[in-house]
$ cat structure.cif   # mmCIF, C-alpha atoms
data_work
loop_
_atom_site.group_PDB
_atom_site.id
_atom_site.type_symbol
_atom_site.label_atom_id
_atom_site.label_comp_id
_atom_site.auth_asym_id
_atom_site.auth_seq_id
_atom_site.Cartn_x
_atom_site.Cartn_y
_atom_site.Cartn_z
ATOM 1 C CA THR H 1 -15.885 13.480 -3.033
ATOM 2 C CA ILE H 2 -14.771 12.795 -6.591
ATOM 3 C CA ARG H 3 -17.507 15.095 -7.904
ATOM 4 C CA LEU H 4 -16.579 17.862 -5.446
ATOM 5 C CA LEU H 5 -12.915 17.733 -6.424
ATOM 6 C CA VAL H 6 -13.760 17.679 -10.136
ATOM 7 C CA GLU H 7 -16.119 20.651 -9.866
ATOM 8 C CA ALA H 8 -13.570 22.588 -7.789
ATOM 9 C CA ARG H 9 -11.016 21.871 -10.558
ATOM 10 C CA ARG H 10 -8.654 20.347 -8.017
ATOM 11 C CA THR H 11 -8.032 17.212 -10.051
ATOM 12 C CA GLU H 12 -7.261 16.419 -13.681
ATOM 13 C CA HIS H 13 -6.069 12.805 -13.808
ATOM 14 C CA ILE H 14 -8.047 10.258 -11.796
ATOM 15 C CA ALA H 15 -7.545 6.514 -11.368
ATOM 16 C CA LEU H 16 -10.612 4.381 -10.629
ATOM 17 C CA VAL H 17 -9.548 0.990 -9.299
ATOM 18 C CA GLY H 18 -11.863 -1.839 -8.274
ATOM 19 C CA ARG H 19 -11.520 -5.534 -7.550
ATOM 20 C CA THR H 20 -12.438 -6.542 -11.094
ATOM 21 C CA ALA H 21 -13.287 -4.735 -14.324
ATOM 22 C CA ALA H 22 -16.957 -5.619 -13.812
ATOM 23 C CA ASP H 23 -16.907 -4.143 -10.293
ATOM 24 C CA VAL H 24 -15.486 -0.885 -11.606
ATOM 25 C CA ARG H 25 -18.117 -0.628 -14.352
ATOM 26 C CA ASP H 26 -21.128 -1.855 -12.374
ATOM 27 C CA THR H 27 -20.435 -0.065 -9.095
ATOM 28 C CA MET H 28 -18.013 2.814 -9.481
ATOM 29 C CA VAL H 29 -19.132 4.058 -12.902
ATOM 30 C CA GLU H 30 -22.694 2.917 -13.642
ATOM 31 C CA GLY H 31 -23.931 1.962 -10.163
ATOM 32 C CA GLU H 32 -26.634 3.701 -8.110
ATOM 33 C CA SER H 33 -24.013 5.992 -6.583
ATOM 34 C CA GLY H 34 -21.532 5.681 -9.448
ATOM 35 C CA LEU H 35 -19.939 8.615 -11.202
ATOM 36 C CA MET H 36 -22.399 8.582 -14.108
ATOM 37 C CA GLY H 37 -25.346 9.049 -11.786
ATOM 38 C CA ILE H 38 -24.245 11.750 -9.361
ATOM 39 C CA PHE H 39 -23.718 14.652 -11.758
ATOM 40 C CA PRO H 40 -26.591 16.834 -13.008
ATOM 41 C CA ASN H 41 -27.669 16.159 -16.589
ATOM 42 C CA ASP H 42 -26.027 19.318 -17.921
ATOM 43 C CA ASP H 43 -22.651 18.250 -16.526
ATOM 44 C CA ARG H 44 -22.984 14.512 -17.050
ATOM 45 C CA PRO H 45 -19.571 13.005 -17.858
ATOM 46 C CA ARG H 46 -18.851 11.116 -21.081
ATOM 47 C CA TYR H 47 -18.069 7.428 -20.575
ATOM 48 C CA GLU H 48 -16.073 5.541 -23.208
ATOM 49 C CA PRO H 49 -15.917 1.895 -22.062
ATOM 50 C CA SER H 50 -13.629 0.765 -24.888
ATOM 51 C CA LYS H 51 -11.044 3.349 -23.797
ATOM 52 C CA ARG H 52 -11.687 2.771 -20.068
ATOM 53 C CA ARG H 53 -12.141 6.523 -19.818
ATOM 54 C CA ILE H 54 -14.537 9.042 -18.288
ATOM 55 C CA THR H 55 -14.258 12.670 -19.339
ATOM 56 C CA PHE H 56 -15.805 15.318 -17.087
ATOM 57 C CA HIS H 57 -17.174 18.708 -18.088
ATOM 58 C CA THR H 58 -14.134 20.418 -16.538
ATOM 59 C CA GLY H 59 -11.764 18.490 -18.769
ATOM 60 C CA ALA H 60 -10.657 16.151 -15.980
ATOM 61 C CA VAL H 61 -10.245 12.547 -17.082
ATOM 62 C CA ALA H 62 -10.724 9.351 -15.059
ATOM 63 C CA THR H 63 -9.287 6.033 -16.218
ATOM 64 C CA THR H 64 -10.609 2.686 -14.988
ATOM 65 C CA PHE H 65 -8.319 -0.104 -13.811
ATOM 66 C CA THR H 66 -8.806 -3.545 -12.322
ATOM 67 C CA ALA H 67 -6.819 -4.642 -9.289
ATOM 68 C CA ASP H 68 -6.560 -8.066 -10.942
ATOM 69 C CA GLU H 69 -4.048 -6.558 -13.373
ATOM 70 C CA PRO H 70 -1.539 -4.612 -11.238
ATOM 71 C CA ASP H 71 0.858 -3.979 -14.135
ATOM 72 C CA ARG H 72 -1.735 -1.794 -15.904
ATOM 73 C CA LEU H 73 -1.172 0.721 -13.086
ATOM 74 C CA ARG H 74 2.546 0.799 -13.797
ATOM 75 C CA GLY H 75 3.383 3.979 -15.676
ATOM 76 C CA PRO H 76 0.270 6.220 -15.717
ATOM 77 C CA ASN H 77 0.382 9.382 -13.598
ATOM 78 C CA HIS H 78 -2.525 10.499 -11.414
ATOM 79 C CA ASP H 79 -3.290 13.222 -8.903
ATOM 80 C CA LEU H 80 -6.323 11.432 -7.440
ATOM 81 C CA ALA H 81 -7.463 7.831 -7.093
ATOM 82 C CA TRP H 82 -10.541 6.005 -5.866
ATOM 83 C CA ALA H 83 -9.847 2.468 -4.639
ATOM 84 C CA ASP H 84 -13.033 0.492 -4.015
ATOM 85 C CA GLU H 85 -13.254 -2.641 -1.831
ATOM 86 C CA LEU H 86 -9.519 -2.630 -1.181
ATOM 87 C CA ALA H 87 -9.872 -5.468 1.338
ATOM 88 C CA ALA H 88 -11.063 -7.762 -1.466
ATOM 89 C CA TRP H 89 -8.188 -7.075 -3.880
ATOM 90 C CA ARG H 90 -6.502 -10.317 -4.882
ATOM 91 C CA TYR H 91 -3.060 -8.830 -5.478
ATOM 92 C CA PRO H 92 -1.638 -6.407 -2.851
ATOM 93 C CA GLU H 93 0.928 -5.217 -5.401
ATOM 94 C CA ALA H 94 -1.908 -3.412 -7.191
ATOM 95 C CA TRP H 95 -1.949 -0.999 -4.236
ATOM 96 C CA ASP H 96 1.808 -0.487 -4.545
ATOM 97 C CA MET H 97 1.553 0.281 -8.254
ATOM 98 C CA LEU H 98 -1.289 2.720 -7.557
ATOM 99 C CA MET H 99 0.823 4.529 -4.952
ATOM 100 C CA PHE H 100 3.759 4.872 -7.347
ATOM 101 C CA GLY H 101 1.433 6.509 -9.892
ATOM 102 C CA LEU H 102 0.145 9.209 -7.504
ATOM 103 C CA ARG H 103 2.976 11.580 -8.323
ATOM 104 C CA ILE H 104 1.543 14.690 -9.990
ATOM 105 C CA GLY H 105 -0.472 17.680 -8.827
ATOM 106 C CA GLN H 106 -0.170 19.727 -5.650
ATOM 107 C CA PHE H 107 -1.771 17.218 -3.292
ATOM 108 C CA PRO H 108 -2.110 13.696 -4.724
ATOM 109 C CA ARG H 109 -4.413 11.520 -2.669
ATOM 110 C CA VAL H 110 -6.390 8.288 -2.726
ATOM 111 C CA ILE H 111 -9.881 7.631 -1.411
ATOM 112 C CA VAL H 112 -10.474 4.077 -0.194
ATOM 113 C CA THR H 113 -14.005 2.718 0.257
ATOM 114 C CA THR H 114 -14.102 -0.805 1.612
ATOM 115 C CA THR H 115 -15.578 -3.333 3.979
ATOM 116 C CA PRO H 116 -13.030 -3.440 6.824
ATOM 117 C CA LYS H 117 -11.813 -7.015 6.522
ATOM 118 C CA PRO H 118 -8.662 -7.574 8.620
ATOM 119 C CA THR H 119 -6.249 -7.980 5.723
ATOM 120 C CA PRO H 120 -2.601 -6.999 6.314
ATOM 121 C CA LEU H 121 -2.959 -3.978 4.015
ATOM 122 C CA ILE H 122 -6.079 -2.670 5.769
ATOM 123 C CA LYS H 123 -4.519 -3.144 9.210
ATOM 124 C CA ASP H 124 -1.330 -1.379 8.082
ATOM 125 C CA LEU H 125 -3.289 1.627 6.786
ATOM 126 C CA VAL H 126 -5.407 1.902 9.940
ATOM 127 C CA ALA H 127 -2.287 1.735 12.101
ATOM 128 C CA ILE H 128 -0.688 4.791 10.442
ATOM 129 C CA THR H 129 -0.706 7.682 12.912
ATOM 130 C CA ASP H 130 1.345 10.372 11.154
ATOM 131 C CA GLY H 131 -1.742 12.151 9.828
ATOM 132 C CA SER H 132 -1.362 10.931 6.252
ATOM 133 C CA VAL H 133 -4.343 8.586 6.658
ATOM 134 C CA ARG H 134 -7.791 9.822 7.696
ATOM 135 C CA LEU H 135 -10.166 7.096 8.854
ATOM 136 C CA THR H 136 -13.924 7.488 8.488
ATOM 137 C CA ARG H 137 -16.379 4.828 9.642
ATOM 138 C CA GLY H 138 -20.022 4.551 8.664
ATOM 139 C CA SER H 139 -22.566 1.996 9.759
ATOM 140 C CA THR H 140 -25.255 0.534 7.527
ATOM 141 C CA PHE H 141 -27.843 2.281 9.691
ATOM 142 C CA GLU H 142 -26.470 5.718 8.837
ATOM 143 C CA ASN H 143 -27.556 4.919 5.278
ATOM 144 C CA LYS H 144 -30.927 3.541 6.397
ATOM 145 C CA ALA H 145 -32.968 6.192 4.579
ATOM 146 C CA ASN H 146 -31.633 4.924 1.232
ATOM 147 C CA LEU H 147 -32.255 1.227 1.903
ATOM 148 C CA ALA H 148 -35.352 -0.926 1.518
ATOM 149 C CA PRO H 149 -37.121 -1.368 4.888
ATOM 150 C CA SER H 150 -37.372 -5.129 4.293
ATOM 151 C CA PHE H 151 -33.596 -5.297 3.808
ATOM 152 C CA VAL H 152 -32.915 -3.465 7.074
ATOM 153 C CA GLU H 153 -35.334 -5.698 8.949
ATOM 154 C CA GLU H 154 -33.830 -8.854 7.454
ATOM 155 C CA ILE H 155 -30.192 -8.011 8.203
ATOM 156 C CA LEU H 156 -31.070 -6.942 11.742
ATOM 157 C CA THR H 157 -32.865 -10.220 12.386
ATOM 158 C CA ARG H 158 -30.126 -12.312 10.837
ATOM 159 C CA TYR H 159 -26.883 -10.515 11.690
ATOM 160 C CA GLU H 160 -27.404 -8.173 14.660
ATOM 161 C CA GLY H 161 -25.078 -9.265 17.471
ATOM 162 C CA THR H 162 -22.949 -11.537 15.267
ATOM 163 C CA ARG H 163 -19.288 -11.166 14.271
ATOM 164 C CA LEU H 164 -20.265 -10.785 10.619
ATOM 165 C CA GLY H 165 -22.711 -8.080 11.646
ATOM 166 C CA GLN H 166 -19.992 -6.195 13.494
ATOM 167 C CA GLN H 167 -17.909 -6.133 10.328
ATOM 168 C CA GLU H 168 -20.567 -5.621 7.676
ATOM 169 C CA LEU H 169 -23.041 -3.437 9.576
ATOM 170 C CA TYR H 170 -20.849 -1.455 11.962
ATOM 171 C CA ALA H 171 -17.567 -1.264 9.997
ATOM 172 C CA GLU H 172 -15.477 -2.828 12.741
ATOM 173 C CA ILE H 173 -12.172 -4.525 11.965
ATOM 174 C CA LEU H 174 -12.238 -7.953 13.587
ATOM 175 C CA ASP H 175 -8.695 -9.267 13.838
ATOM 176 C CA ASP H 176 -9.388 -11.956 16.464
ATOM 177 C CA VAL H 177 -10.171 -15.549 15.585
ATOM 178 C CA GLU H 178 -13.743 -16.509 16.397
ATOM 179 C CA GLY H 179 -13.854 -18.961 19.313
ATOM 180 C CA ALA H 180 -10.276 -18.305 20.435
ATOM 181 C CA LEU H 181 -9.568 -18.722 24.155
ATOM 182 C CA TRP H 182 -7.594 -15.476 24.202
ATOM 183 C CA ASN H 183 -8.005 -12.297 22.197
ATOM 184 C CA ARG H 184 -5.882 -9.212 21.662
ATOM 185 C CA GLU H 185 -7.720 -7.152 24.297
ATOM 186 C CA MET H 186 -7.050 -9.778 26.978
ATOM 187 C CA LEU H 187 -3.366 -9.928 26.099
ATOM 188 C CA GLU H 188 -3.016 -6.150 26.147
ATOM 189 C CA GLN H 189 -4.625 -5.950 29.600
ATOM 190 C CA HIS H 190 -1.955 -8.242 31.024
ATOM 191 C CA ARG H 191 1.053 -6.799 29.224
ATOM 192 C CA VAL H 192 3.932 -5.860 31.573
ATOM 193 C CA THR H 193 6.902 -3.533 31.145
ATOM 194 C CA GLU H 194 9.092 -4.814 33.979
ATOM 195 C CA LEU H 195 10.090 -8.445 34.441
ATOM 196 C CA PRO H 196 10.881 -10.119 37.762
ATOM 197 C CA GLU H 197 14.185 -11.939 38.174
ATOM 198 C CA LEU H 198 13.758 -15.303 36.513
ATOM 199 C CA VAL H 199 14.678 -18.386 38.516
ATOM 200 C CA ARG H 200 13.868 -20.957 35.860
ATOM 201 C CA ILE H 201 12.974 -20.753 32.167
ATOM 202 C CA VAL H 202 10.705 -23.441 30.720
ATOM 203 C CA VAL H 203 10.364 -23.914 26.962
ATOM 204 C CA ALA H 204 7.261 -25.940 26.103
ATOM 205 C CA ILE H 205 6.995 -27.663 22.738
ATOM 206 C CA ASP H 206 3.582 -28.551 21.358
ATOM 207 C CA PRO H 207 4.107 -31.324 18.799
ATOM 208 C CA ALA H 208 1.797 -31.572 15.833
#

$ encode --input "structure.cif" --output "C-alpha coordinates"
Amino acid sequence: TIRLLVEARRTEHIALVGRTAADVRDTMVEGESGLMGIFPNDDRPRYEPSKRRITFHTGAVATTFTADEPDRLRGPNHDLAWADELAAWRYPEAWDMLMFGLRIGQFPRVIVTTTPKPTPLIKDLVAITDGSVRLTRGSTFENKANLAPSFVEEILTRYEGTRLGQQELYAEILDDVEGALWNREMLEQHRVTELPELVRIVVAIDPA
(Lines of atoms letter the chains of each structure in order from A and count residues from 1; the text may use other names and numbers.)
(Lines give C-alpha, C1' and ligand atoms only; values in the text may rest on other atoms or scores of the structure.)
Protein backbone atom coordinates (compact mmCIF):
# COMPACT_ATOMS: atom_id res chain seq x y z
CA THR A 1 0.00 0.00 0.00
CA ILE A 2 2.85 2.38 0.78
CA ARG A 3 4.40 1.66 -2.63
CA LEU A 4 1.07 2.19 -4.42
CA LEU A 5 0.50 5.54 -2.74
CA VAL A 6 4.08 6.65 -3.42
CA GLU A 7 3.90 5.70 -7.10
CA ALA A 8 0.51 7.41 -7.46
CA ARG A 9 2.11 10.54 -5.93
CA ARG A 10 -0.58 10.64 -3.27
CA THR A 11 1.87 11.01 -0.40
CA GLU A 12 4.95 13.11 0.31
CA HIS A 13 5.65 12.83 4.04
CA ILE A 14 5.45 9.36 5.59
CA ALA A 15 5.99 8.22 9.17
CA LEU A 16 7.20 4.65 9.74
CA VAL A 17 6.62 3.64 13.35
CA GLY A 18 7.49 0.29 14.90
CA ARG A 19 7.82 -1.11 18.40
CA THR A 20 11.56 -0.48 18.54
CA ALA A 21 14.17 1.06 16.25
CA ALA A 22 15.45 -2.43 15.41
CA ASP A 23 11.93 -3.57 14.46
CA VAL A 24 11.54 -0.64 12.10
CA ARG A 25 14.90 -1.31 10.42
CA ASP A 26 14.74 -5.11 10.32
CA THR A 27 11.09 -5.51 9.36
CA MET A 28 9.61 -2.37 7.87
CA VAL A 29 12.65 -1.15 5.94
CA GLU A 30 15.05 -4.03 5.26
CA GLY A 31 12.80 -7.06 5.87
CA GLU A 32 11.58 -9.59 3.30
CA SER A 33 8.53 -7.42 2.61
CA GLY A 34 10.13 -4.16 3.74
CA LEU A 35 10.15 -0.99 1.70
CA MET A 36 13.66 -1.55 0.33
CA GLY A 37 12.68 -4.86 -1.20
CA ILE A 38 9.33 -4.20 -2.86
CA PHE A 39 10.34 -1.58 -5.42
CA PRO A 40 11.92 -2.48 -8.78
CA ASN A 41 15.66 -1.84 -9.01
CA ASP A 42 15.23 1.25 -11.18
CA ASP A 43 12.99 2.88 -8.57
CA ARG A 44 14.69 1.53 -5.46
CA PRO A 45 14.48 4.11 -2.65
CA ARG A 46 17.55 5.58 -0.96
CA TYR A 47 17.89 4.64 2.71
CA GLU A 48 19.95 6.84 5.04
CA PRO A 49 19.97 5.10 8.45
CA SER A 50 21.85 7.90 10.23
CA LYS A 51 19.11 10.35 9.22
CA ARG A 52 16.30 7.82 9.79
CA ARG A 53 15.15 8.67 6.28
CA ILE A 54 14.03 6.92 3.11
CA THR A 55 13.75 8.95 -0.08
CA PHE A 56 11.63 7.56 -2.92
CA HIS A 57 12.04 8.17 -6.64
CA THR A 58 8.97 10.45 -6.62
CA GLY A 59 10.54 12.74 -4.05
CA ALA A 60 8.37 11.42 -1.21
CA VAL A 61 10.23 11.00 2.06
CA ALA A 62 9.61 8.49 4.87
CA THR A 63 11.03 9.02 8.35
CA THR A 64 11.48 6.17 10.83
CA PHE A 65 10.38 6.43 14.45
CA THR A 66 10.30 4.09 17.42
CA ALA A 67 7.20 3.80 19.58
CA ASP A 68 9.55 3.59 22.58
CA GLU A 69 10.21 7.31 22.15
CA PRO A 70 6.78 8.97 21.77
CA ASP A 71 8.16 12.52 22.03
CA ARG A 72 10.08 12.09 18.75
CA LEU A 73 6.66 12.07 17.04
CA ARG A 74 5.78 15.40 18.59
CA GLY A 75 6.13 18.12 15.98
CA PRO A 76 6.74 16.46 12.58
CA ASN A 77 3.92 16.65 10.03
CA HIS A 78 2.85 13.67 7.92
CA ASP A 79 0.17 12.81 5.40
CA LEU A 80 0.63 9.04 5.74
CA ALA A 81 1.85 6.67 8.45
CA TRP A 82 2.55 2.97 8.78
CA ALA A 83 2.26 1.66 12.35
CA ASP A 84 3.57 -1.89 12.71
CA GLU A 85 2.69 -4.24 15.59
CA LEU A 86 0.64 -1.58 17.34
CA ALA A 87 -0.57 -4.10 19.93
CA ALA A 88 3.02 -4.50 21.16
CA TRP A 89 3.77 -0.79 21.63
CA ARG A 90 4.93 -0.12 25.17
CA TYR A 91 3.64 3.45 25.36
CA PRO A 92 0.07 4.17 24.11
CA GLU A 93 0.91 7.88 23.98
CA ALA A 94 3.06 7.13 20.92
CA TRP A 95 -0.20 6.52 19.05
CA ASP A 96 -1.58 9.85 20.27
CA MET A 97 1.51 11.73 19.12
CA LEU A 98 1.31 10.00 15.74
CA MET A 99 -2.32 11.06 15.34
CA PHE A 100 -1.51 14.69 16.15
CA GLY A 101 1.14 14.65 13.40
CA LEU A 102 -1.22 13.43 10.65
CA ARG A 103 -2.34 16.93 9.76
CA ILE A 104 -1.25 17.71 6.19
CA GLY A 105 -2.34 16.61 2.74
CA GLN A 106 -5.83 16.03 1.36
CA PHE A 107 -6.49 12.71 3.08
CA PRO A 108 -4.07 11.88 5.91
CA ARG A 109 -4.30 8.27 6.98
CA VAL A 110 -2.50 5.57 8.94
CA ILE A 111 -2.06 1.91 8.06
CA VAL A 112 -1.83 -0.43 11.06
CA THR A 113 -0.42 -3.95 10.70
CA THR A 114 -0.51 -5.94 13.90
CA THR A 115 -1.23 -9.17 15.69
CA PRO A 116 -4.68 -8.57 17.21
CA LYS A 117 -3.84 -8.73 20.91
CA PRO A 118 -6.75 -7.43 23.03
CA THR A 119 -5.07 -4.25 24.21
CA PRO A 120 -7.33 -1.27 25.06
CA LEU A 121 -6.08 0.64 22.00
CA ILE A 122 -6.76 -2.24 19.59
CA LYS A 123 -10.22 -2.84 21.05
CA ASP A 124 -11.03 0.88 20.82
CA LEU A 125 -10.02 1.03 17.15
CA VAL A 126 -12.00 -2.10 16.24
CA ALA A 127 -15.07 -0.72 18.01
CA ILE A 128 -15.17 2.45 15.87
CA THR A 129 -18.16 2.27 13.54
CA ASP A 130 -18.25 5.72 11.92
CA GLY A 131 -16.40 4.54 8.82
CA SER A 132 -13.08 6.15 9.73
CA VAL A 133 -11.55 2.74 10.49
CA ARG A 134 -11.45 -0.08 7.93
CA LEU A 135 -10.70 -3.51 9.37
CA THR A 136 -9.01 -6.19 7.29
CA ARG A 137 -8.25 -9.65 8.64
CA GLY A 138 -5.87 -12.18 7.13
CA SER A 139 -5.05 -15.65 8.34
CA THR A 140 -1.61 -17.23 8.21
CA PHE A 141 -2.98 -19.73 5.69
CA GLU A 142 -3.80 -16.99 3.19
CA ASN A 143 -0.04 -16.41 3.06
CA LYS A 144 0.74 -20.13 2.86
CA ALA A 145 2.34 -19.93 -0.59
CA ASN A 146 5.09 -17.69 0.83
CA LEU A 147 5.85 -19.83 3.88
CA ALA A 148 8.06 -22.88 4.34
CA PRO A 149 5.97 -26.09 4.25
CA SER A 150 7.70 -27.34 7.41
CA PHE A 151 6.67 -24.15 9.23
CA VAL A 152 3.02 -24.55 8.22
CA GLU A 153 3.01 -28.19 9.28
CA GLU A 154 4.65 -27.39 12.62
CA ILE A 155 2.30 -24.55 13.59
CA LEU A 156 -0.74 -26.59 12.58
CA THR A 157 0.39 -29.51 14.73
CA ARG A 158 1.26 -27.32 17.68
CA TYR A 159 -1.30 -24.50 17.65
CA GLU A 160 -4.37 -25.53 15.61
CA GLY A 161 -7.41 -25.43 17.90
CA THR A 162 -5.67 -23.48 20.68
CA ARG A 163 -6.37 -19.94 21.92
CA LEU A 164 -2.92 -18.80 20.79
CA GLY A 165 -3.64 -20.29 17.38
CA GLN A 166 -6.89 -18.35 17.12
CA GLN A 167 -4.99 -15.12 17.71
CA GLU A 168 -1.78 -15.77 15.80
CA LEU A 169 -3.09 -17.88 12.92
CA TYR A 170 -6.62 -16.59 12.39
CA ALA A 171 -6.28 -12.95 13.52
CA GLU A 172 -9.03 -13.18 16.12
CA ILE A 173 -9.16 -10.77 19.05
CA LEU A 174 -9.53 -12.84 22.21
CA ASP A 175 -10.77 -10.61 25.01
CA ASP A 176 -11.97 -13.40 27.32
CA VAL A 177 -9.84 -14.88 30.07
CA GLU A 178 -8.84 -18.46 29.37
CA GLY A 179 -10.60 -20.85 31.77
CA ALA A 180 -13.19 -18.31 32.92
CA LEU A 181 -16.58 -19.70 33.96
CA TRP A 182 -18.36 -16.99 31.98
CA ASN A 183 -17.40 -15.21 28.79
CA ARG A 184 -18.70 -12.15 26.97
CA GLU A 185 -20.86 -14.17 24.56
CA MET A 186 -22.68 -15.87 27.45
CA LEU A 187 -23.34 -12.56 29.17
CA GLU A 188 -24.64 -10.96 25.99
CA GLN A 189 -27.06 -13.85 25.41
CA HIS A 190 -28.67 -13.23 28.78
CA ARG A 191 -28.73 -9.44 28.70
CA VAL A 192 -32.20 -7.96 29.40
CA THR A 193 -33.70 -4.55 28.65
CA GLU A 194 -36.65 -4.64 31.05
CA LEU A 195 -36.37 -5.37 34.76
CA PRO A 196 -39.07 -6.95 36.91
CA GLU A 197 -40.20 -5.17 40.07
CA LEU A 198 -37.59 -5.90 42.70
CA VAL A 199 -38.79 -7.25 46.03
CA ARG A 200 -35.40 -7.52 47.69
CA ILE A 201 -31.89 -6.36 46.76
CA VAL A 202 -28.94 -8.42 47.97
CA VAL A 203 -25.40 -7.03 47.88
CA ALA A 204 -22.82 -9.81 48.18
CA ILE A 205 -19.28 -9.00 49.27
CA ASP A 206 -16.46 -11.37 48.38
CA PRO A 207 -13.63 -10.69 50.83
CA ALA A 208 -10.06 -11.18 49.72

$ resolve_selection --input "structure.cif" --expression "the PyMOL selection byres ((chain H and resi 168) around 10)" --output "list of chain:residue names"
H:Thr115, H:Pro116, H:Lys117, H:Ser139, H:Thr140, H:Ile155, H:Tyr159, H:Thr162, H:Arg163, H:Leu164, H:Gly165, H:Gln166, H:Gln167, H:Leu169, H:Tyr170, H:Ala171, H:Glu172, H:Ile173

$ residues_around --input "structure.cif" --residues "Phe107 (chain H)" --least-positions-apart "2" --cutoff "9 Å" --atoms "all atoms listed in the file" --output "ChimeraX atom specification"
/H:10,79-80,103-105,109

$ residues_around --input "structure.cif" --residues "Arg46 (chain H)" --least-positions-apart "2" --cutoff "12 Å" --atoms "all atoms listed in the file" --output "ChimeraX atom specification"
/H:29-30,35-37,39,41-44,48-49,51-63

$ resolve_selection --input "structure.cif" --expression "the PyMOL selection byres ((chain H and resi 122) around 12)" --output "ChimeraX atom specification"
/H:85-89,92,95,112-121,123-128,133,135,172-175

$ resolve_selection --input "structure.cif" --expression "the PyMOL selection byres ((chain H and resi 99) around 10)" --output "MDAnalysis selection string"
chainID H and resid 73:74 77:78 81 93:98 100:103 108:110

$ atom_distance --input "structure.cif" --atom1 "CA of Arg25 (chain H)" --atom2 "CA of Asp84 (chain H)"
11.6 Å

$ atom_distance --input "structure.cif" --atom1 "CA of Arg9 (chain H)" --atom2 "CA of Thr66 (chain H)"
25.6 Å

$ closest_residue --input "structure.cif" --among "H:Glu197, H:Asp68, H:Glu32, H:Glu154" --to "Gly18 (chain H)" --atoms "all atoms listed in the file"
H:Asp68

$ atom_distance --input "structure.cif" --atom1 "CA of Gly131 (chain H)" --atom2 "CA of Thr1 (chain H)"
19.2 Å

$ axis_aligned_box --input "structure.cif" --around "region 28-46 of chain H" --padding-each-side "4 Å" --output "JSON"
{"center_x": -22.8, "center_y": 10.6, "center_z": -13.8, "size_x": 17.7, "size_y": 25.4, "size_z": 22.5}

$ closest_residue --input "structure.cif" --among "H:Glu142, H:Glu160, H:Glu12, H:Glu69" --to "Gln106 (chain H)" --atoms "only C-alpha atoms"
H:Glu12
